[in-house]
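K.L.:
coords35.txt is the file, holding compact mmCIF, C-alpha atoms:
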```txt
# COMPACT_ATOMS: atom_id res chain seq x y z
CA MET I 1 71.73 94.30 89.04
CA THR I 2 71.02 95.38 92.57
CA ASP I 3 72.97 97.92 94.57
CA GLU I 4 74.72 95.08 96.36
CA ASP I 5 76.25 93.89 93.08
CA GLU I 6 77.97 97.17 92.39
CA PRO I 7 81.60 97.32 93.39
CA ARG I 8 82.11 99.45 96.45
CA LEU I 9 83.95 102.71 96.00
CA ALA I 10 86.85 101.42 98.07
CA ASP I 11 87.24 98.43 95.73
CA ILE I 12 87.35 100.61 92.64
CA ARG I 13 89.86 102.96 94.23
CA GLU I 14 91.80 100.29 96.06
CA THR I 15 95.25 101.72 95.44
CA ASP I 16 94.00 105.17 96.50
CA GLN I 17 92.92 103.69 99.79
CA VAL I 18 96.25 102.20 100.84
CA TYR I 19 99.29 104.36 101.55
CA GLN I 20 101.91 103.55 98.93
CA PRO I 21 105.67 103.58 99.55
CA ALA I 22 107.15 107.08 99.50
CA GLU I 23 110.39 108.78 100.65
CA ASP I 24 109.47 108.23 104.28
CA SER I 25 108.90 104.49 103.75
CA HIS I 26 112.26 104.09 101.97
CA LEU I 27 114.19 105.92 104.69
CA LEU I 28 112.55 103.90 107.47
CA ALA I 29 113.01 100.59 105.64
CA LYS I 30 116.70 100.99 104.85
CA THR I 31 117.58 102.44 108.27
CA ALA I 32 115.72 99.78 110.26
CA ALA I 33 116.84 96.85 108.08
CA LYS I 34 120.48 97.45 109.07
CA GLU I 35 119.56 97.02 112.74
CA VAL I 36 117.62 93.76 112.44
CA GLY I 37 119.17 90.33 113.00
CA LYS I 38 117.78 87.15 111.46
CA ASP I 39 116.67 85.76 114.81
CA ASN I 40 114.68 88.88 115.63
CA ARG I 41 110.91 89.01 115.67
CA VAL I 42 109.82 92.25 114.05
CA LEU I 43 106.53 94.17 113.92
CA ASP I 44 105.76 96.87 111.37
CA VAL I 45 102.95 99.02 112.75
CA GLY I 46 100.62 100.72 110.25
CA THR I 47 102.20 98.58 107.58
CA GLY I 48 100.09 100.00 104.71
CA SER I 49 101.24 98.43 101.45
CA GLY I 50 103.65 96.23 103.42
CA TYR I 51 106.69 97.78 101.76
CA VAL I 52 108.72 98.40 104.94
CA ALA I 53 107.88 94.98 106.38
CA GLN I 54 108.81 93.22 103.13
CA PHE I 55 112.07 95.14 102.76
CA VAL I 56 113.16 94.38 106.33
CA GLN I 57 112.15 90.74 105.91
CA GLU I 58 114.16 90.32 102.70
CA GLN I 59 117.24 92.13 104.01
CA SER I 60 117.38 90.41 107.39
CA ASP I 61 115.61 87.08 106.95
CA ALA I 62 113.84 87.85 110.25
CA ALA I 63 110.18 87.03 110.96
CA VAL I 64 108.29 90.24 110.21
CA PHE I 65 104.63 90.88 110.99
CA GLY I 66 102.58 93.77 109.66
CA VAL I 67 99.59 95.29 111.41
CA ASP I 68 97.13 97.82 110.01
CA LEU I 69 93.67 99.16 110.80
CA ASN I 70 92.76 99.19 107.11
CA PRO I 71 91.59 95.82 105.70
CA LEU I 72 92.70 96.83 102.19
CA ALA I 73 96.21 97.49 103.49
CA CYS I 74 96.28 94.10 105.25
CA ALA I 75 95.35 92.36 102.00
CA GLU I 76 98.01 94.27 100.06
CA ALA I 77 100.72 93.54 102.66
CA ARG I 78 99.78 89.86 102.56
CA GLU I 79 100.21 89.90 98.77
CA ARG I 80 103.79 91.01 99.38
CA GLY I 81 104.42 87.97 101.56
CA VAL I 82 104.11 89.81 104.87
CA GLN I 83 102.24 88.12 107.73
CA ALA I 84 99.44 90.64 108.07
CA LEU I 85 96.81 91.18 110.69
CA ARG I 86 94.14 93.78 111.24
CA ALA I 87 94.37 95.48 114.61
CA ASP I 88 94.63 98.82 116.37
CA LEU I 89 98.36 99.57 116.80
CA VAL I 90 99.93 97.01 119.20
CA SER I 91 96.78 96.29 121.25
CA SER I 92 96.47 92.61 120.30
CA PHE I 93 100.01 91.47 121.14
CA CYS I 94 101.32 89.88 124.32
CA ARG I 95 103.95 91.38 126.60
CA ASP I 96 107.59 91.20 125.37
CA SER I 97 106.65 89.91 121.91
CA PHE I 98 109.06 91.84 119.66
CA ASP I 99 112.78 92.58 119.33
CA VAL I 100 112.21 95.34 116.81
CA ILE I 101 109.18 97.53 116.04
CA THR I 102 109.05 99.89 113.06
CA PHE I 103 106.43 102.59 112.61
CA ASN I 104 105.86 105.16 109.89
CA PRO I 105 102.96 106.87 111.64
CA PRO I 106 100.20 109.09 110.31
CA TYR I 107 101.86 112.39 111.14
CA LEU I 108 100.35 115.25 109.15
CA PRO I 109 98.31 117.72 111.18
CA SER I 110 94.63 117.44 110.17
CA ALA I 111 93.51 120.04 107.67
CA PRO I 112 91.09 122.38 109.48
CA GLU I 113 89.11 123.13 106.31
CA GLY I 114 87.76 119.65 105.96
CA VAL I 115 88.34 115.95 105.96
CA TRP I 116 88.17 113.23 103.36
CA ASP I 117 86.89 110.73 105.87
CA ASP I 118 88.47 107.76 104.10
CA TRP I 119 91.27 105.25 104.68
CA MET I 120 93.90 107.51 103.16
CA GLU I 121 93.11 110.23 105.67
CA THR I 122 93.43 107.69 108.48
CA ALA I 123 96.80 106.68 107.00
CA VAL I 124 98.33 110.13 106.89
CA THR I 125 96.81 112.41 109.53
CA GLY I 126 97.57 112.40 113.22
CA GLY I 127 95.11 114.81 114.80
CA GLU I 128 95.49 118.59 115.23
CA ASP I 129 99.20 118.49 116.06
CA GLY I 130 100.02 115.39 113.98
CA ARG I 131 101.10 113.52 117.12
CA ALA I 132 97.86 111.87 118.28
CA VAL I 133 98.58 108.42 116.87
CA ILE I 134 102.25 108.58 117.91
CA LYS I 135 101.11 109.28 121.49
CA ASP I 136 98.68 106.35 121.49
CA PHE I 137 101.49 104.16 120.15
CA LEU I 138 103.97 105.31 122.82
CA ASP I 139 101.41 104.66 125.58
CA ASP I 140 101.27 100.92 124.83
CA VAL I 141 104.37 99.93 122.86
CA GLY I 142 106.63 99.41 125.90
CA ARG I 143 104.42 96.49 126.88
CA VAL I 144 104.98 94.47 123.68
CA LEU I 145 108.65 95.38 123.11
CA ARG I 146 111.28 93.19 124.76
CA PRO I 147 113.41 95.02 127.37
CA ASP I 148 116.46 94.69 125.06
CA GLY I 149 114.47 95.65 121.96
CA ALA I 150 114.36 98.80 119.86
CA ILE I 151 111.80 100.91 118.02
CA TYR I 152 112.47 102.71 114.73
CA LEU I 153 110.04 105.61 114.35
CA LEU I 154 109.76 107.96 111.40
CA VAL I 155 109.28 111.58 112.46
CA SER I 156 108.88 114.65 110.26
CA THR I 157 109.76 118.24 111.13
CA VAL I 158 106.05 118.88 110.37
CA THR I 159 105.18 116.80 113.43
CA GLY I 160 107.51 118.53 115.91
CA PRO I 161 110.49 116.24 116.58
CA GLU I 162 111.22 117.92 119.95
CA ALA I 163 107.69 117.22 121.17
CA VAL I 164 107.89 113.62 119.93
CA THR I 165 111.24 113.21 121.74
CA GLU I 166 109.71 114.53 124.97
CA ALA I 167 106.73 112.18 124.64
CA ALA I 168 109.02 109.21 123.99
CA GLU I 169 111.23 110.08 126.95
CA SER I 170 108.29 110.34 129.29
CA ALA I 171 107.06 106.96 127.98
CA GLY I 172 110.40 105.49 129.17
CA PHE I 173 112.62 105.53 126.08
CA GLU I 174 116.02 106.94 125.24
CA VAL I 175 115.88 108.67 121.84
CA THR I 176 118.66 108.76 119.22
CA THR I 177 118.41 110.15 115.70
CA LEU I 178 119.80 107.53 113.29
CA ALA I 179 119.07 109.14 109.94
CA GLU I 180 117.94 112.43 108.41
CA GLU I 181 116.79 113.35 104.93
CA SER I 182 115.56 116.70 103.62
CA HIS I 183 112.61 116.95 101.27
CA SER I 184 110.64 119.82 99.80
CA PHE I 185 108.60 120.92 102.80
CA GLU I 186 109.97 118.79 105.58
CA LYS I 187 112.95 116.98 106.97
CA LEU I 188 112.43 113.29 107.71
CA LEU I 189 114.12 111.75 110.74
CA ILE I 190 114.44 108.20 111.95
CA PHE I 191 114.37 107.97 115.75
CA GLN I 192 115.67 104.92 117.55
CA LEU I 193 113.85 104.37 120.84
CA ILE I 194 115.49 102.14 123.45
CA PRO I 195 113.70 101.29 126.72
CA THR I 196 115.50 102.86 129.67
CA GLY I 197 114.13 100.23 132.03
CA GLU I 198 112.91 102.89 134.45
CA MET Z 1 98.01 83.27 109.21
CA ASP Z 2 100.94 81.23 110.46
CA GLU Z 3 100.14 79.23 113.57
CA ASP Z 4 103.27 80.66 115.25
CA LEU Z 5 101.37 83.92 115.56
CA MET Z 6 99.45 82.30 118.44
CA ASP Z 7 102.58 82.68 120.61
CA ILE Z 8 102.30 86.46 120.55
CA LEU Z 9 98.60 87.22 120.02
CA CYS Z 10 96.25 88.14 122.85
CA CYS Z 11 92.78 89.59 123.26
CA PRO Z 12 93.01 93.34 122.57
CA LEU Z 13 90.41 94.02 125.28
CA ASP Z 14 91.75 92.15 128.32
CA LYS Z 15 95.13 90.77 127.05
CA HIS Z 16 94.21 87.18 127.88
CA GLU Z 17 95.08 84.13 125.80
CA LEU Z 18 93.15 83.14 122.71
CA GLU Z 19 91.89 79.76 121.60
CA LEU Z 20 92.28 78.91 117.92
CA ASP Z 21 89.59 77.11 115.92
CA VAL Z 22 90.59 76.30 112.34
CA ASP Z 23 87.93 76.03 109.62
CA GLU Z 24 90.26 75.93 106.62
CA ARG Z 25 94.01 75.66 106.18
CA ASP Z 26 96.51 74.96 103.40
CA ASP Z 27 100.03 73.51 103.66
CA GLU Z 28 101.48 76.63 105.20
CA GLU Z 29 98.87 78.51 107.12
CA ILE Z 30 95.40 79.02 108.50
CA LEU Z 31 93.03 80.60 105.98
CA THR Z 32 89.74 80.69 107.85
CA GLY Z 33 88.84 80.25 111.48
CA THR Z 34 88.28 82.06 114.75
CA LEU Z 35 90.23 83.18 117.77
CA THR Z 36 88.24 83.19 121.00
CA CYS Z 37 89.33 84.94 124.19
CA THR Z 38 89.63 82.40 127.01
CA GLU Z 39 88.60 85.10 129.49
CA CYS Z 40 85.89 87.35 128.00
CA GLY Z 41 84.73 85.01 125.21
CA GLU Z 42 85.02 87.64 122.46
CA VAL Z 43 85.45 86.02 119.02
CA TYR Z 44 87.91 87.36 116.44
CA PRO Z 45 87.50 86.07 112.88
CA ILE Z 46 90.30 84.91 110.57
CA GLU Z 47 89.36 85.47 106.91
CA ASP Z 48 91.52 85.09 103.79
CA GLY Z 49 94.45 84.31 106.08
CA ILE Z 50 94.16 87.60 107.97
CA PRO Z 51 93.04 87.70 111.62
CA ASN Z 52 90.80 90.63 112.49
CA MET Z 53 91.84 91.62 116.00
CA LEU Z 54 89.71 94.75 116.22
CA PRO Z 55 87.24 94.97 119.08
CA PRO Z 56 83.64 94.66 117.80
CA ASP Z 57 82.97 98.41 117.95
CA MET Z 58 85.87 99.11 115.55
CA ARG Z 59 85.09 96.44 112.96
CA GLU Z 60 82.97 98.38 110.48
CA GLU Z 61 84.58 98.64 107.06
CA ALA Z 62 84.63 102.43 106.75
CA PRO Z 63 87.22 104.41 108.67
CA ALA Z 64 86.06 106.09 111.89
```
Represent the structure of the file as structure tokens.

P.N.:
Amino acid sequence: MTDEDEPRLADIRETDQVYQPAEDSHLLAKTAAKEVGKDNRVLDVGTGSGYVAQFVQEQSDAAVFGVDLNPLACAEARERGVQALRADLVSSFCRDSFDVITFNPPYLPSAPEGVWDDWMETAVTGGEDGRAVIKDFLDDVGRVLRPDGAIYLLVSTVTGPEAVTEAAESAGFEVTTLAEESHSFEKLLIFQLIPTGE
Amino acid sequence: MDEDLMDILCCPLDKHELELDVDERDDEEILTGTLTCTECGEVYPIEDGIPNMLPPDMREEAPA
């Protein structure tokens, strides 16, 4: 048996390498699903296991796509019946493609003492302030969202909701808090972002 | 990958249209093939029904 025949670490630890549904996923899924109509085209960014995309799809009967950077996540989302593709945020979509976009972003501030340097770290951490990936998302998402569309973004108190609101407003969105849920060390919020058209 | 996805996919580098070449499909969807940018010529593979729309410098398996 050569080295090439040995299963790669990521294959052995597959479920450890894909973010699995947690409180944040449930809150985003149930809040967003209420807002989606069956004729909507929906994108779930950073879809991970595909849980949010699948839930919204089943509740609304809408066409839901899931995008993730992690190939293991794409495969898992596909297993759930979600149309999955591997891409960096919304970079590979055309202008005005979606009525609804959901995003449970990597939002934990990076641990200064060290990094795991694996897919799970990519799935949960958002740079020093936890907002790096959210900012990259906000920079480009207005392009692919229809002018009458809406974004449902999960934000934690750990990530600084005021700073996220400011960033969203300067990216051209009106921000409303649709849901809140308290957990041990954080409060989870669902923001609805509507393009202001300015 | 459902062929309807072609309506909303573009090249992540220059946002131009893509041309689909199918190698293998089943009743419902495309399993293997390529998407080629009509402008810059970059090729994006479709494997196991999943298009890989990452630019070449981001395609390595391990996270950055």

K.L.:
List as a PyMOL selection string the protein and nucleic acid residues near range 2-13 of chain Z, meaning an atom at most 6 Å away when all atoms listed in the file are counted, but skip any in the same chain fewer than 2 places from it.

P.N.:
(chain I and resi 91-94+97) or (chain Z and resi 15-18+29+37)

K.L.:
What are the nearest atom pairs, with distances in Å to one decimal, for all residues of chain I that come at most 8 Å from chain Z, using all atoms listed in the file, set out by chain and rising residue number as CSV?

P.N.:
```
residue,atom,partner,partner_atom,distance
I:Asn70,CA,Z:Pro63,CA,7.8
I:Pro71,CA,Z:Glu61,CA,7.7
I:Cys74,CA,Z:Ile50,CA,7.4
I:Ala75,CA,Z:Ile50,CA,7.7
I:Gln83,CA,Z:Met1,CA,6.6
I:Ala84,CA,Z:Ile50,CA,6.1
I:Leu85,CA,Z:Pro51,CA,5.2
I:Arg86,CA,Z:Asn52,CA,4.8
I:Ala87,CA,Z:Met53,CA,4.8
I:Asp88,CA,Z:Leu54,CA,6.4
I:Ser91,CA,Z:Pro12,CA,5.0
I:Ser92,CA,Z:Pro12,CA,4.2
I:Phe93,CA,Z:Leu9,CA,4.6
I:Cys94,CA,Z:Ile8,CA,5.2
I:Arg95,CA,Z:Ile8,CA,8.0
I:Ser97,CA,Z:Ile8,CA,5.7
I:Asp117,CA,Z:Pro63,CA,6.9
I:Asp118,CA,Z:Pro63,CA,5.8
I:Trp119,CA,Z:Pro63,CA,5.7
I:Thr122,CA,Z:Pro63,CA,7.0
```

K.L.:
When distances are computed from only C-alpha atoms, which of I:Val100, I:Val56, I:Leu145, I:Val82 shows the smallest separation from Ser25 in chain I?

P.N.:
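Distance minimum relative to Ser25 in chain I lands on I:Val56.
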
K.L.:
Mind checking which residues fall within 12 Å of Ser110 in chain I, counting all atoms listed in the file, ignoring those fewer than 6 positions away in the same chain, and posting them as a list of chain:residue names?

P.N.:
I:Trp116, I:Asp117, I:Glu121, I:Thr122, I:Ala123, I:Val124, I:Thr125, I:Gly126, I:Gly127, I:Glu128, I:Asp129, I:Gly130, I:Arg131, I:Ala132, I:Val133, I:Val158, I:Thr159

K.L.:
Hey, can you pull every residue with an atom no more than 8 Å from (116.4, 102.3, 126.9), using only C-alpha atoms, and send it as number ranges by chain?

P.N.:
I: 147-148, 172-174, 193-197

K.L.:
At what distance in Å, to one decimal, does CA of Gln192 in chain I lie from CA of Ala167 in chain I?

P.N.:
13.5 Å

K.L.:
What is the CA of Leu20 in chain Z to CA of Leu35 in chain Z distance in Å?

P.N.:
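Between CA of Leu20 in chain Z and CA of Leu35 in chain Z the gap is 4.7 Å.
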
K.L.:
Figure out the distance between CA of Val141 in chain I and CA of Val164 in chain I, please, to one decimal in Å.

P.N.:
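CA of Val141 in chain I lies at a distance of 14.4 Å from CA of Val164 in chain I.
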
K.L.:
Would you kindly identify which residues have an atom no farther than 10 Å from (113.5, 104.0, 118.5), using all atoms listed in the file and the file's own coordinates, and write them out as a ChimeraX atom specification?

P.N.:
/I:32,100-103,149-154,168,173-178,190-195

K.L.:
Of the candidates I:Tyr19, I:Phe98, I:Phe55, I:Phe65, which shows the shortest atom-to-atom distance to Thr31 in chain I, using all atoms listed in the file?

P.N.:
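Among the listed residues, the smallest separation from Thr31 in chain I belongs to I:Phe55.
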